[in-house]
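Q: Sharing work.cif (mmCIF, C-alpha atoms) below.
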```cif
data_target
loop_
_atom_site.label_atom_id
_atom_site.label_comp_id
_atom_site.auth_asym_id
_atom_site.auth_seq_id
_atom_site.Cartn_x
_atom_site.Cartn_y
_atom_site.Cartn_z
CA MET A 1 90.30 -52.64 108.33
CA THR A 2 92.47 -55.55 107.20
CA TRP A 3 95.85 -53.85 107.44
CA GLY A 4 94.81 -51.44 110.15
CA PHE A 5 94.21 -54.42 112.44
CA VAL A 6 97.70 -55.77 111.72
CA VAL A 7 99.34 -52.41 112.48
CA VAL A 8 97.34 -52.03 115.69
CA ALA A 9 98.16 -55.59 116.77
CA PHE A 10 101.89 -54.96 116.25
CA PHE A 11 102.02 -51.80 118.36
CA THR A 12 99.71 -53.27 120.98
CA MET A 13 102.08 -56.20 121.36
CA LEU A 14 104.87 -53.72 122.08
CA VAL A 15 102.69 -52.13 124.75
CA GLY A 16 101.98 -55.57 126.20
CA LEU A 17 105.65 -56.54 126.26
CA ALA A 18 106.56 -53.30 128.04
CA MET A 19 103.74 -53.88 130.53
CA GLY A 20 104.80 -57.48 131.00
CA GLU A 21 108.22 -56.35 132.20
CA VAL A 22 106.67 -54.02 134.75
CA CYS A 23 104.12 -56.63 135.85
CA SER A 24 106.88 -59.17 136.41
CA ALA A 25 108.70 -56.72 138.66
CA HIS A 26 105.58 -55.71 140.60
CA PRO A 27 102.82 -58.36 140.47
CA THR A 28 99.74 -57.07 142.31
CA SER A 29 95.99 -56.74 141.79
CA GLY A 30 96.43 -52.96 141.70
CA GLY A 31 98.08 -53.31 138.29
CA PRO A 32 99.11 -50.08 136.55
CA TYR A 33 98.27 -47.75 139.43
CA PHE A 34 100.46 -49.78 141.81
CA TRP A 35 103.26 -49.86 139.23
CA ALA A 36 103.11 -46.08 138.83
CA ALA A 37 103.79 -45.65 142.56
CA MET A 38 106.62 -48.16 142.59
CA LEU A 39 108.36 -46.70 139.52
CA SER A 40 108.18 -42.98 140.32
CA GLU A 41 110.17 -40.99 142.84
CA PRO A 42 108.89 -41.53 146.38
CA LYS A 43 107.74 -37.92 146.73
CA ASN A 44 105.58 -38.26 143.57
CA ALA A 45 104.44 -41.85 144.10
CA ALA A 46 101.03 -41.02 145.54
CA PHE A 47 100.18 -38.55 142.76
CA ALA A 48 101.33 -40.92 140.01
CA SER A 49 99.25 -43.78 141.37
CA TRP A 50 96.24 -41.48 141.92
CA VAL A 51 96.12 -40.31 138.30
CA THR A 52 96.88 -43.76 136.91
CA GLY A 53 94.26 -45.36 139.10
CA TRP A 54 91.51 -43.01 137.96
CA PHE A 55 92.30 -43.44 134.26
CA ASN A 56 92.44 -47.20 134.71
CA LEU A 57 89.12 -47.15 136.54
CA LEU A 58 87.56 -45.10 133.71
CA GLY A 59 88.89 -47.49 131.10
CA GLN A 60 87.84 -50.60 133.02
CA VAL A 61 84.28 -49.29 133.41
CA ALA A 62 84.09 -48.29 129.75
CA VAL A 63 85.39 -51.68 128.57
CA THR A 64 82.74 -53.47 130.62
CA ALA A 65 80.15 -51.07 129.19
CA GLY A 66 81.33 -51.53 125.61
CA ILE A 67 81.30 -55.31 125.76
CA GLY A 68 77.93 -55.46 127.49
CA TYR A 69 76.34 -52.91 125.17
CA GLY A 70 77.69 -54.72 122.12
CA CYS A 71 76.24 -57.97 123.47
CA ALA A 72 72.88 -56.24 124.00
CA ASN A 73 72.95 -54.94 120.43
CA PHE A 74 73.50 -58.42 119.05
CA ILE A 75 70.75 -59.87 121.23
CA SER A 76 68.38 -57.16 119.95
CA THR A 77 69.42 -57.92 116.39
CA LEU A 78 68.86 -61.64 116.89
CA ALA A 79 65.36 -60.86 118.18
CA THR A 80 64.51 -59.35 114.76
CA PHE A 81 65.04 -62.65 112.93
CA HIS A 82 61.71 -63.93 111.65
CA THR A 83 59.80 -61.47 113.86
CA ASP A 84 58.34 -57.96 113.64
CA PHE A 85 60.53 -56.72 116.50
CA VAL A 86 62.29 -53.43 115.79
CA PRO A 87 65.12 -52.55 118.23
CA GLU A 88 64.98 -49.10 119.76
CA PRO A 89 67.51 -47.39 122.04
CA ARG A 90 65.25 -47.84 125.07
CA THR A 91 64.80 -51.57 124.45
CA THR A 92 68.50 -52.06 123.80
CA ILE A 93 69.41 -50.28 127.03
CA GLY A 94 66.97 -52.55 128.83
CA VAL A 95 68.61 -55.64 127.36
CA TYR A 96 71.97 -54.15 128.29
CA ALA A 97 70.83 -53.80 131.91
CA GLY A 98 69.81 -57.46 131.88
CA VAL A 99 73.21 -58.51 130.52
CA LEU A 100 75.04 -56.55 133.22
CA ILE A 101 72.86 -57.94 135.99
CA ALA A 102 73.41 -61.51 134.78
CA GLN A 103 77.17 -60.98 134.71
CA ALA A 104 77.13 -59.37 138.14
CA LEU A 105 75.13 -62.28 139.58
CA ILE A 106 77.71 -64.73 138.23
CA ASN A 107 80.47 -62.67 139.87
CA THR A 108 78.46 -62.58 143.10
CA PHE A 109 77.18 -66.11 143.56
CA GLY A 110 79.25 -68.09 141.08
CA VAL A 111 82.76 -67.02 142.06
CA HIS A 112 83.79 -70.62 142.71
CA LEU A 113 82.71 -71.43 139.14
CA LEU A 114 84.68 -68.67 137.44
CA LYS A 115 87.74 -70.80 136.78
CA TYR A 116 85.55 -73.40 135.06
CA ILE A 117 83.66 -70.73 133.13
CA ASN A 118 87.01 -69.28 132.09
CA ASN A 119 88.07 -72.63 130.61
CA ILE A 120 84.75 -72.87 128.77
CA SER A 121 85.21 -69.31 127.52
CA ILE A 122 88.65 -70.06 126.09
CA TRP A 123 87.33 -73.01 124.09
CA TRP A 124 84.17 -71.12 123.13
CA HIS A 125 86.22 -68.29 121.62
CA ALA A 126 88.72 -70.52 119.85
CA VAL A 127 86.33 -73.16 118.52
CA GLY A 128 83.50 -70.68 118.00
CA THR A 129 85.59 -68.27 115.95
CA THR A 130 86.90 -71.11 113.80
CA ALA A 131 83.40 -72.51 113.31
CA VAL A 132 81.99 -69.11 112.31
CA VAL A 133 84.71 -68.46 109.74
CA ILE A 134 84.55 -71.95 108.22
CA ALA A 135 80.76 -71.86 108.07
CA ILE A 136 80.43 -68.52 106.27
CA LEU A 137 83.30 -69.21 103.88
CA ALA A 138 82.00 -72.67 103.00
CA ALA A 139 78.38 -71.60 102.59
CA ALA A 140 78.90 -68.27 100.85
CA PRO A 141 77.45 -68.33 97.29
CA SER A 142 80.38 -66.19 96.15
CA HIS A 143 83.48 -64.61 97.61
CA GLN A 144 85.04 -61.19 97.41
CA SER A 145 88.35 -60.87 95.62
CA ALA A 146 91.69 -60.53 97.37
CA HIS A 147 91.90 -57.05 95.88
CA PHE A 148 88.69 -56.05 97.69
CA VAL A 149 89.81 -57.51 101.01
CA PHE A 150 93.40 -56.25 101.01
CA GLN A 151 93.38 -53.12 98.84
CA GLN A 152 89.89 -51.60 98.69
CA PHE A 153 89.46 -48.29 100.54
CA ILE A 154 85.92 -47.51 101.74
CA ASP A 155 84.88 -44.33 103.54
CA ASN A 156 81.66 -44.90 105.46
CA THR A 157 82.03 -41.94 107.83
CA GLY A 158 79.55 -39.67 106.07
CA VAL A 159 76.09 -39.62 107.60
CA ASP A 160 74.84 -37.53 104.66
CA GLY A 161 77.03 -39.29 102.10
CA VAL A 162 80.04 -36.97 102.40
CA GLY A 163 82.72 -38.68 104.43
CA TRP A 164 85.87 -37.41 106.08
CA SER A 165 87.98 -38.50 103.11
CA GLU A 166 86.30 -35.71 101.11
CA ARG A 167 86.00 -33.15 103.86
CA ALA A 168 89.44 -33.78 105.33
CA SER A 169 91.68 -36.58 104.05
CA PRO A 170 91.70 -40.35 103.46
CA ALA A 171 94.43 -40.48 106.10
CA TYR A 172 91.94 -39.14 108.65
CA VAL A 173 89.55 -41.98 107.83
CA VAL A 174 92.37 -44.49 108.30
CA VAL A 175 93.26 -43.03 111.70
CA VAL A 176 89.71 -42.98 113.11
CA GLY A 177 89.07 -46.33 111.44
CA ILE A 178 91.54 -48.19 113.66
CA LEU A 179 89.45 -47.46 116.77
CA MET A 180 87.56 -50.76 116.78
CA ALA A 181 90.76 -52.71 116.17
CA GLN A 182 92.47 -50.97 119.08
CA TYR A 183 89.42 -51.40 121.31
CA THR A 184 89.32 -55.16 120.74
CA LEU A 185 92.92 -55.32 121.95
CA THR A 186 92.34 -53.69 125.33
CA GLY A 187 91.80 -55.02 128.81
CA PHE A 188 94.85 -57.26 128.78
CA ASP A 189 95.86 -55.71 132.10
CA GLY A 190 93.21 -58.04 133.51
CA SER A 191 96.00 -60.59 133.92
CA ALA A 192 97.81 -58.12 136.16
CA HIS A 193 94.70 -57.48 138.26
CA MET A 194 94.39 -61.21 138.89
CA THR A 195 98.04 -61.83 139.85
CA GLU A 196 97.30 -61.96 143.58
CA GLU A 197 95.05 -64.91 142.82
CA THR A 198 97.52 -66.96 140.74
CA ARG A 199 100.64 -68.99 141.35
CA ASN A 200 104.07 -67.76 140.19
CA ALA A 201 102.61 -64.28 139.72
CA ALA A 202 105.89 -62.73 138.56
CA MET A 203 105.75 -64.81 135.38
CA SER A 204 102.10 -65.82 134.97
CA GLY A 205 100.81 -62.25 134.92
CA SER A 206 103.29 -61.16 132.23
CA ILE A 207 102.71 -64.25 130.11
CA GLY A 208 98.98 -63.72 130.47
CA ILE A 209 99.28 -60.17 129.12
CA VAL A 210 101.31 -61.20 126.08
CA MET A 211 99.20 -64.29 125.37
CA ALA A 212 95.96 -62.30 125.61
CA ILE A 213 97.19 -59.89 122.93
CA GLY A 214 98.67 -62.57 120.69
CA VAL A 215 95.67 -64.91 120.72
CA SER A 216 93.21 -62.02 120.30
CA ALA A 217 95.21 -60.64 117.38
CA ILE A 218 95.36 -63.97 115.55
CA LEU A 219 91.72 -64.90 116.09
CA GLY A 220 90.60 -61.34 115.38
CA TRP A 221 92.37 -61.11 112.03
CA PHE A 222 91.18 -64.58 111.10
CA LEU A 223 87.59 -63.50 111.78
CA ILE A 224 87.96 -60.21 109.89
CA LEU A 225 89.28 -61.96 106.79
CA GLY A 226 86.48 -64.54 106.92
CA LEU A 227 83.81 -61.84 107.18
CA LEU A 228 85.28 -59.65 104.43
CA PHE A 229 85.68 -62.51 101.94
CA SER A 230 82.08 -63.59 102.65
CA ILE A 231 80.37 -60.26 101.94
CA GLN A 232 77.78 -60.78 99.19
CA ASP A 233 76.37 -57.28 98.65
CA LEU A 234 78.44 -54.48 100.17
CA ASP A 235 75.69 -51.83 100.18
CA LYS A 236 73.14 -54.24 101.65
CA THR A 237 75.64 -55.32 104.29
CA ILE A 238 76.50 -51.76 105.33
CA ASN A 239 72.86 -50.65 105.32
CA SER A 240 71.48 -53.91 106.68
CA PRO A 241 67.87 -53.78 107.90
CA THR A 242 69.08 -55.73 110.94
CA GLY A 243 71.32 -52.83 111.90
CA GLN A 244 74.31 -55.16 112.12
CA PRO A 245 76.53 -55.78 109.06
CA VAL A 246 77.89 -58.96 110.67
CA ALA A 247 74.37 -60.33 111.06
CA GLN A 248 73.67 -59.55 107.41
CA ILE A 249 76.76 -61.50 106.34
CA PHE A 250 75.49 -64.46 108.35
CA LEU A 251 72.04 -64.22 106.76
CA ASP A 252 73.47 -63.94 103.24
CA THR A 253 75.77 -66.93 103.65
CA VAL A 254 74.20 -69.55 105.93
CA GLY A 255 70.55 -68.48 105.88
CA GLU A 256 68.33 -67.53 108.78
CA LYS A 257 68.58 -70.76 110.81
CA GLY A 258 72.34 -70.91 110.40
CA ALA A 259 72.59 -67.21 111.22
CA ILE A 260 70.78 -67.81 114.50
CA VAL A 261 73.38 -70.41 115.49
CA LEU A 262 76.28 -68.13 114.55
CA MET A 263 74.73 -65.18 116.37
CA VAL A 264 74.39 -67.31 119.51
CA ILE A 265 78.10 -68.16 119.25
CA VAL A 266 79.02 -64.47 118.96
CA ILE A 267 76.67 -63.42 121.77
CA GLY A 268 78.05 -66.17 124.01
CA ALA A 269 81.60 -65.00 123.36
CA MET A 270 80.63 -61.43 124.22
CA PHE A 271 78.86 -62.52 127.38
CA PHE A 272 81.84 -64.54 128.58
CA CYS A 273 84.18 -61.67 127.79
CA GLY A 274 81.97 -59.19 129.61
CA THR A 275 81.71 -61.46 132.65
CA PHE A 276 85.47 -61.55 133.08
CA SER A 277 85.80 -57.87 132.26
CA LEU A 278 83.53 -57.25 135.24
CA THR A 279 85.69 -59.60 137.32
CA SER A 280 88.84 -57.67 136.45
CA ASN A 281 87.04 -54.35 136.88
CA SER A 282 85.85 -55.21 140.37
CA ARG A 283 89.32 -56.37 141.46
CA MET A 284 90.88 -53.11 140.31
CA MET A 285 88.21 -51.12 142.17
CA TYR A 286 88.75 -53.26 145.27
CA ALA A 287 92.49 -52.62 145.19
CA PHE A 288 91.94 -48.89 144.66
CA ALA A 289 89.36 -48.78 147.49
CA ARG A 290 91.73 -50.75 149.73
CA ASP A 291 94.18 -47.88 149.32
CA GLY A 292 91.56 -45.16 149.87
CA GLY A 293 91.43 -44.06 146.23
CA ILE A 294 87.68 -43.91 145.58
CA PRO A 295 84.78 -42.19 147.38
CA GLY A 296 83.20 -44.52 149.91
CA HIS A 297 86.37 -46.62 150.03
CA LYS A 298 85.60 -47.87 153.54
CA PHE A 299 82.34 -49.34 152.28
CA PHE A 300 83.78 -50.80 149.07
CA HIS A 301 86.94 -52.18 150.66
CA LYS A 302 85.16 -55.31 151.80
CA VAL A 303 85.22 -58.91 150.69
CA SER A 304 82.52 -61.49 151.23
CA ARG A 305 83.51 -63.96 153.91
CA GLY A 306 81.60 -66.68 152.10
CA THR A 307 83.01 -66.21 148.59
CA LYS A 308 86.15 -64.21 149.48
CA SER A 309 85.16 -61.93 146.62
CA PRO A 310 84.74 -58.09 146.52
CA ILE A 311 81.00 -58.23 145.84
CA ARG A 312 80.41 -54.56 146.58
CA THR A 313 82.83 -53.44 143.87
CA VAL A 314 81.25 -55.95 141.47
CA TRP A 315 77.95 -54.09 141.72
CA LEU A 316 79.68 -50.69 141.73
CA ALA A 317 81.36 -51.60 138.43
CA CYS A 318 78.03 -52.85 137.09
CA THR A 319 76.26 -49.60 138.03
CA LEU A 320 78.92 -47.29 136.61
CA SER A 321 79.04 -49.27 133.36
CA PHE A 322 75.28 -48.89 132.96
CA ILE A 323 75.43 -45.13 133.59
CA LEU A 324 78.20 -44.71 131.01
CA ALA A 325 75.99 -46.21 128.29
CA LEU A 326 72.95 -44.03 129.01
CA PRO A 327 73.89 -41.42 126.35
CA SER A 328 73.01 -44.13 123.79
CA LEU A 329 69.38 -43.10 124.35
CA GLY A 330 70.10 -39.88 122.47
CA SER A 331 73.22 -40.53 120.43
CA SER A 332 73.76 -42.58 117.29
CA VAL A 333 77.49 -42.93 117.91
CA ALA A 334 77.33 -43.85 121.60
CA PHE A 335 79.01 -47.23 121.10
CA SER A 336 81.97 -45.61 119.31
CA ALA A 337 82.25 -43.07 122.12
CA VAL A 338 82.23 -45.77 124.80
CA THR A 339 84.94 -47.70 122.97
CA SER A 340 87.00 -44.52 122.61
CA ILE A 341 86.66 -43.84 126.34
CA ALA A 342 87.70 -47.40 127.15
CA THR A 343 90.69 -47.27 124.85
CA ILE A 344 91.96 -43.87 125.98
CA GLY A 345 91.34 -44.50 129.67
CA LEU A 346 93.08 -47.85 129.74
CA TYR A 347 95.99 -46.97 127.49
CA ILE A 348 96.81 -43.78 129.39
CA SER A 349 96.90 -45.87 132.57
CA TYR A 350 99.23 -48.28 130.73
CA ALA A 351 101.44 -45.46 129.45
CA ILE A 352 102.14 -43.80 132.81
CA PRO A 353 104.03 -46.71 134.44
CA ILE A 354 105.75 -47.56 131.14
CA ALA A 355 106.90 -43.93 130.80
CA LEU A 356 108.08 -43.88 134.42
CA ARG A 357 109.98 -47.09 133.76
CA VAL A 358 111.72 -45.25 130.86
CA VAL A 359 112.46 -42.06 132.82
CA TYR A 360 113.73 -43.88 135.90
CA ARG A 361 115.19 -46.87 134.07
CA LYS A 362 118.32 -46.93 136.26
CA ARG A 363 116.15 -47.64 139.32
CA PHE A 364 114.08 -50.32 137.65
CA VAL A 365 114.68 -53.81 139.06
CA ARG A 366 113.75 -56.46 136.52
CA GLY A 367 111.60 -59.44 137.28
CA PRO A 368 112.01 -62.87 135.68
CA PHE A 369 110.18 -61.64 132.55
CA HIS A 370 112.30 -59.06 130.71
CA LEU A 371 113.26 -58.02 127.16
CA GLY A 372 116.98 -57.55 127.63
CA PRO A 373 118.47 -54.92 125.25
CA PHE A 374 115.09 -54.38 123.58
CA SER A 375 113.47 -53.20 126.79
CA TYR A 376 114.11 -49.45 126.37
CA PRO A 377 113.22 -49.05 122.65
CA VAL A 378 110.08 -51.16 123.08
CA ALA A 379 108.94 -49.04 126.03
CA VAL A 380 109.57 -45.76 124.20
CA THR A 381 107.72 -46.94 121.09
CA ALA A 382 104.80 -48.07 123.25
CA CYS A 383 104.53 -44.62 124.84
CA VAL A 384 104.61 -42.85 121.47
CA TRP A 385 101.86 -45.13 120.13
CA ILE A 386 99.64 -44.51 123.15
CA ALA A 387 100.10 -40.74 122.81
CA PHE A 388 99.04 -41.00 119.16
CA ILE A 389 95.87 -43.02 119.75
CA SER A 390 94.89 -40.90 122.77
CA ILE A 391 94.66 -37.89 120.48
CA ALA A 392 93.18 -39.74 117.51
CA PHE A 393 90.26 -41.29 119.37
CA ILE A 394 88.81 -38.03 120.69
CA LEU A 395 88.32 -36.86 117.10
CA PRO A 396 84.86 -36.97 115.47
CA GLN A 397 84.03 -40.35 113.93
CA ALA A 398 81.11 -39.28 111.73
CA ASN A 399 80.56 -36.33 109.42
CA PRO A 400 78.86 -33.88 109.86
CA VAL A 401 79.25 -33.37 113.60
CA ASP A 402 76.01 -32.60 115.46
CA SER A 403 74.23 -33.61 118.66
CA GLN A 404 73.66 -37.12 117.29
CA THR A 405 77.19 -37.76 116.05
CA LEU A 406 79.23 -35.90 118.66
CA ASN A 407 82.08 -37.98 120.04
CA TYR A 408 81.54 -37.34 123.75
CA THR A 409 84.78 -39.12 124.68
CA ILE A 410 86.49 -35.82 125.46
CA VAL A 411 83.63 -34.98 127.85
CA ALA A 412 83.92 -38.23 129.83
CA VAL A 413 87.72 -38.14 129.88
CA GLY A 414 87.64 -34.45 130.79
CA ILE A 415 85.28 -35.05 133.72
CA VAL A 416 87.51 -37.77 135.15
CA LEU A 417 90.65 -35.68 134.60
CA ALA A 418 89.06 -32.61 136.22
CA TYR A 419 87.83 -34.66 139.17
CA CYS A 420 91.06 -36.52 139.88
CA MET A 421 93.21 -33.39 139.49
CA GLY A 422 90.81 -31.08 141.32
CA PHE A 423 90.18 -33.47 144.19
CA TRP A 424 93.90 -34.12 144.45
CA VAL A 425 94.67 -30.41 144.87
CA ILE A 426 91.76 -29.79 147.24
CA SER A 427 91.97 -32.84 149.46
CA ALA A 428 93.54 -36.12 148.32
CA ARG A 429 97.14 -34.87 148.37
CA LYS A 430 96.79 -34.43 152.12
CA TRP A 431 95.83 -38.01 152.91
CA PHE A 432 96.26 -40.33 149.90
CA THR A 433 99.55 -42.16 150.31
CA GLY A 434 99.33 -44.55 147.37
CA PRO A 435 99.07 -48.35 147.25
CA ILE A 436 99.13 -50.22 150.51
CA LYS A 437 100.94 -53.53 150.32
CA GLN A 438 98.99 -56.51 151.48
CA ILE A 439 100.20 -57.75 154.86
CA GLU A 440 100.45 -61.41 155.61
CA GLY A 441 97.24 -62.73 157.04
CA GLU A 442 94.95 -60.22 155.34
CA VAL A 443 91.93 -61.76 153.65
CA ASP A 444 92.87 -62.45 150.06
CA VAL A 445 90.46 -62.19 147.16
CA ASP A 446 90.36 -65.78 145.97
CA VAL A 447 88.92 -66.75 142.64
CA HIS A 448 91.52 -68.89 140.87
CA GLN A 449 93.26 -71.57 142.89
#
```
Any chance you could give the structure as structure tokens?
A:
Amino acid sequence: MTWGFVVVAFFTMLVGLAMGEVCSAHPTSGGPYFWAAMLSEPKNAAFASWVTGWFNLLGQVAVTAGIGYGCANFISTLATFHTDFVPEPRTTIGVYAGVLIAQALINTFGVHLLKYINNISIWWHAVGTTAVVIAILAAAPSHQSAHFVFQQFIDNTGVDGVGWSERASPAYVVVVGILMAQYTLTGFDGSAHMTEETRNAAMSGSIGIVMAIGVSAILGWFLILGLLFSIQDLDKTINSPTGQPVAQIFLDTVGEKGAIVLMVIVIGAMFFCGTFSLTSNSRMMYAFARDGGIPGHKFFHKVSRGTKSPIRTVWLACTLSFILALPSLGSSVAFSAVTSIATIGLYISYAIPIALRVVYRKRFVRGPFHLGPFSYPVAVTACVWIAFISIAFILPQANPVDSQTLNYTIVAVGIVLAYCMGFWVISARKWFTGPIKQIEGEVDVDVHQ
């Protein structure tokens, strides 16, 4: 986990830098699917944006689902402290629905407050993460050794005790083990989706992408190290009666009352993150609907006159995110599957415009943010990394594979791929023309001033 996060952060930064170049050249709320159209040959522009748009939509929905479901899990865990409450899939999905509805209401009625909530969120994450790490390190009765944190290899993939390191290879465990690290470093295209609502979009969107990755990587590694050094009993932590190893670390270090405070900090961070994931998600759907890319686009291509916000796509994103998490009622690895779907969906949508920028590099017109001579090698490396993780994250996470541990990522990705390709051949190729540029005077979606 320790070094896997560093490796993932490095390659993700390369992806972000390559995306930043493209975003600087084509700042728009459509993000990757708009870039794909602009960077491909005119005759293939509509198809490129169609495929990219659908993968980005899948990833955006899955990210919102993953964050919200994780938040619901932590809320359910917190409810077990000093009570007889035992979380069950049906109660967790109910809490998850409540989380999504609360976030959707904020995006519906509190649009004018989002910029203030965003500022609070930034400080909450930065100060909260620091407070959590300092608290558990300072209060921990003992600390793990540097050898344990930086060199210990642990295979926890075996449901029956036999992990993939025995059945396959330790390398396989390493590969599937980087999923959570890669998932935490997704969604940075949100800066691109908000460019139509910011000043100096050609630079601010690109800087936002790079800063989102950099800050998340630093805070994330800081938190991982703090948690690993603070583990008191590894077996008890992994098999915690709370169901959450992180919660067990809190309980073992700062006690129950302190753990409640730390859990509230973590839950708050997740809630803020999910709220803005929904914001980004709805803007992408609005842009795609504006261009006729989704069923019912005439209905969803509307903005509220009062809030100047795409409220209909807010609730569409909320609904789809809830549906995507429903398999958790019958699957023990649902959260891993949702995170895999989010990672693959988003990164494929990132890879397409980056790859087109490589293939048609002579036609690419740089924006103010560019990498100079490093542009081409960075873009190629980013594409290779995305191809690698797209294959790795459809692989089984737990051993043995059965109905409870099946990684249904390939099913969700396959359905979206079959739909977008099939519908393109049958109908969309006849009428979908790709992104439609905003004309002056059109109602803009206005959140950030």
Q: For range 126-143 of chain A, find every residue with an atom within 12 Å (counting all atoms listed in the file), except residues of its own chain fewer than 4 positions away, and show them as number ranges by chain.
A: A: 119-122, 147-149, 215-216, 218-234, 246-255, 258-270
Q: For this file, the PyMOL selection byres ((chain A and resi 157-161) around 7) selects which residues, as a list of chain:residue names?
A: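 This file gives the following for the PyMOL selection byres ((chain A and resi 157-161) around 7): A:Asp155, A:Asn156, A:Val162, A:Gly163, A:Trp164, A:Gln397, A:Ala398, A:Asn399, A:Pro400.
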Q: List the spatial neighbours of Ser40 in chain A as a list of chain:residue names - criterion: any atom at most 9 Å away, only C-alpha atoms, same-chain residues fewer than 2 positions off excluded.
A: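 After dropping sequence-adjacent residues, the list is A:Trp35, A:Ala36, A:Ala37, A:Met38, A:Pro42, A:Lys43, A:Asn44, A:Ala45, A:Ala48, A:Pro353, A:Leu356, A:Arg357, A:Val359, A:Tyr360.
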Q: The PyMOL selection byres ((chain A and resi 297) around 12) - which residues does that actually catch in the file I just gave you? List them as an mmCIF file with C-alpha atoms, in the coordinates of the input.
A:
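Output file part.cif is given in full below:
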```cif
data_model
loop_
_atom_site.group_PDB
_atom_site.id
_atom_site.type_symbol
_atom_site.label_atom_id
_atom_site.label_comp_id
_atom_site.auth_asym_id
_atom_site.auth_seq_id
_atom_site.Cartn_x
_atom_site.Cartn_y
_atom_site.Cartn_z
ATOM 1 C CA MET A 285 88.210 -51.120 142.170
ATOM 2 C CA TYR A 286 88.750 -53.260 145.270
ATOM 3 C CA ALA A 287 92.490 -52.620 145.190
ATOM 4 C CA PHE A 288 91.940 -48.890 144.660
ATOM 5 C CA ALA A 289 89.360 -48.780 147.490
ATOM 6 C CA ARG A 290 91.730 -50.750 149.730
ATOM 7 C CA ASP A 291 94.180 -47.880 149.320
ATOM 8 C CA GLY A 292 91.560 -45.160 149.870
ATOM 9 C CA GLY A 293 91.430 -44.060 146.230
ATOM 10 C CA ILE A 294 87.680 -43.910 145.580
ATOM 11 C CA PRO A 295 84.780 -42.190 147.380
ATOM 12 C CA GLY A 296 83.200 -44.520 149.910
ATOM 13 C CA LYS A 298 85.600 -47.870 153.540
ATOM 14 C CA PHE A 299 82.340 -49.340 152.280
ATOM 15 C CA PHE A 300 83.780 -50.800 149.070
ATOM 16 C CA HIS A 301 86.940 -52.180 150.660
ATOM 17 C CA LYS A 302 85.160 -55.310 151.800
ATOM 18 C CA ARG A 312 80.410 -54.560 146.580
ATOM 19 C CA THR A 313 82.830 -53.440 143.870
ATOM 20 C CA LEU A 316 79.680 -50.690 141.730
ATOM 21 C CA PHE A 432 96.260 -40.330 149.900
#
```
Q: Please provide the set of residues having any atom within 10 Å of Phe5 in chain A, restricted to all atoms listed in the file, with same-chain residues fewer than 2 positions apart removed, written as a ChimeraX atom specification.
A: /A:1-3,7-10,177-182,184-185,217,220-221,224
Q: What is the CA of Ile238 in chain A-CA of Gln144 in chain A distance in Å, reported with one decimal?
A: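 Computing the Euclidean distance for CA of Ile238 in chain A and CA of Gln144 in chain A yields 15.0 Å.
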Q: Can you measure CA of Ser24 in chain A to CA of Gly367 in chain A for me? One decimal in Å is fine.
A: 4.8 Å
Q: What's the 12 Å shell around Gly110 in chain A, counting all atoms listed in the file, without same-chain residues fewer than 6 positions away, as a short mmCIF file (atom, residue, chain, number, x, y, z; two decimals) with C-alpha atoms, keeping the file's coordinate frame?
A:
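File written: around-v2.cif
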```cif
data_model
loop_
_atom_site.label_atom_id
_atom_site.label_comp_id
_atom_site.auth_asym_id
_atom_site.auth_seq_id
_atom_site.Cartn_x
_atom_site.Cartn_y
_atom_site.Cartn_z
CA ALA A 102 73.41 -61.51 134.78
CA GLN A 103 77.17 -60.98 134.71
CA ALA A 104 77.13 -59.37 138.14
CA TYR A 116 85.55 -73.40 135.06
CA ILE A 117 83.66 -70.73 133.13
CA ASN A 118 87.01 -69.28 132.09
CA THR A 275 81.71 -61.46 132.65
CA THR A 279 85.69 -59.60 137.32
CA GLY A 306 81.60 -66.68 152.10
CA THR A 307 83.01 -66.21 148.59
CA LYS A 308 86.15 -64.21 149.48
CA SER A 309 85.16 -61.93 146.62
CA ILE A 311 81.00 -58.23 145.84
CA VAL A 447 88.92 -66.75 142.64
#
```
Q: Might you pull out every residue within 10 Å of range 56-61 of chain A, with all atoms listed in the file counted and same-chain residues fewer than 6 positions away left off, and present them as number ranges by chain?
A: A: 30-33, 50, 186-187, 189-190, 277-278, 280-282, 284-285, 288, 294, 316-324, 338-350, 412-413, 416-417
Q: In Å, how far is it from CA of Phe276 in chain A to CA of Thr92 in chain A?
A: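 Interatomic distance here is 21.5 Å.
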Q: Identify all residues satisfying the PyMOL selection byres ((chain A and resi 363-366) around 9) in the given file; provide them as a list in words.
A: Glu21, Val22, Ser24, Ala25, Leu39, Arg357, Val358, Tyr360, Arg361, Lys362, Gly367, Pro368, Phe369 and His370 of chain A
Q: Quick one: of A:Ser403, A:Thr83, A:Ser375, A:Thr409, who's nearest to Ile391 in chain A, counting only C-alpha atoms?
A: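 Closest to Ile391 in chain A of all the choices is A:Thr409.
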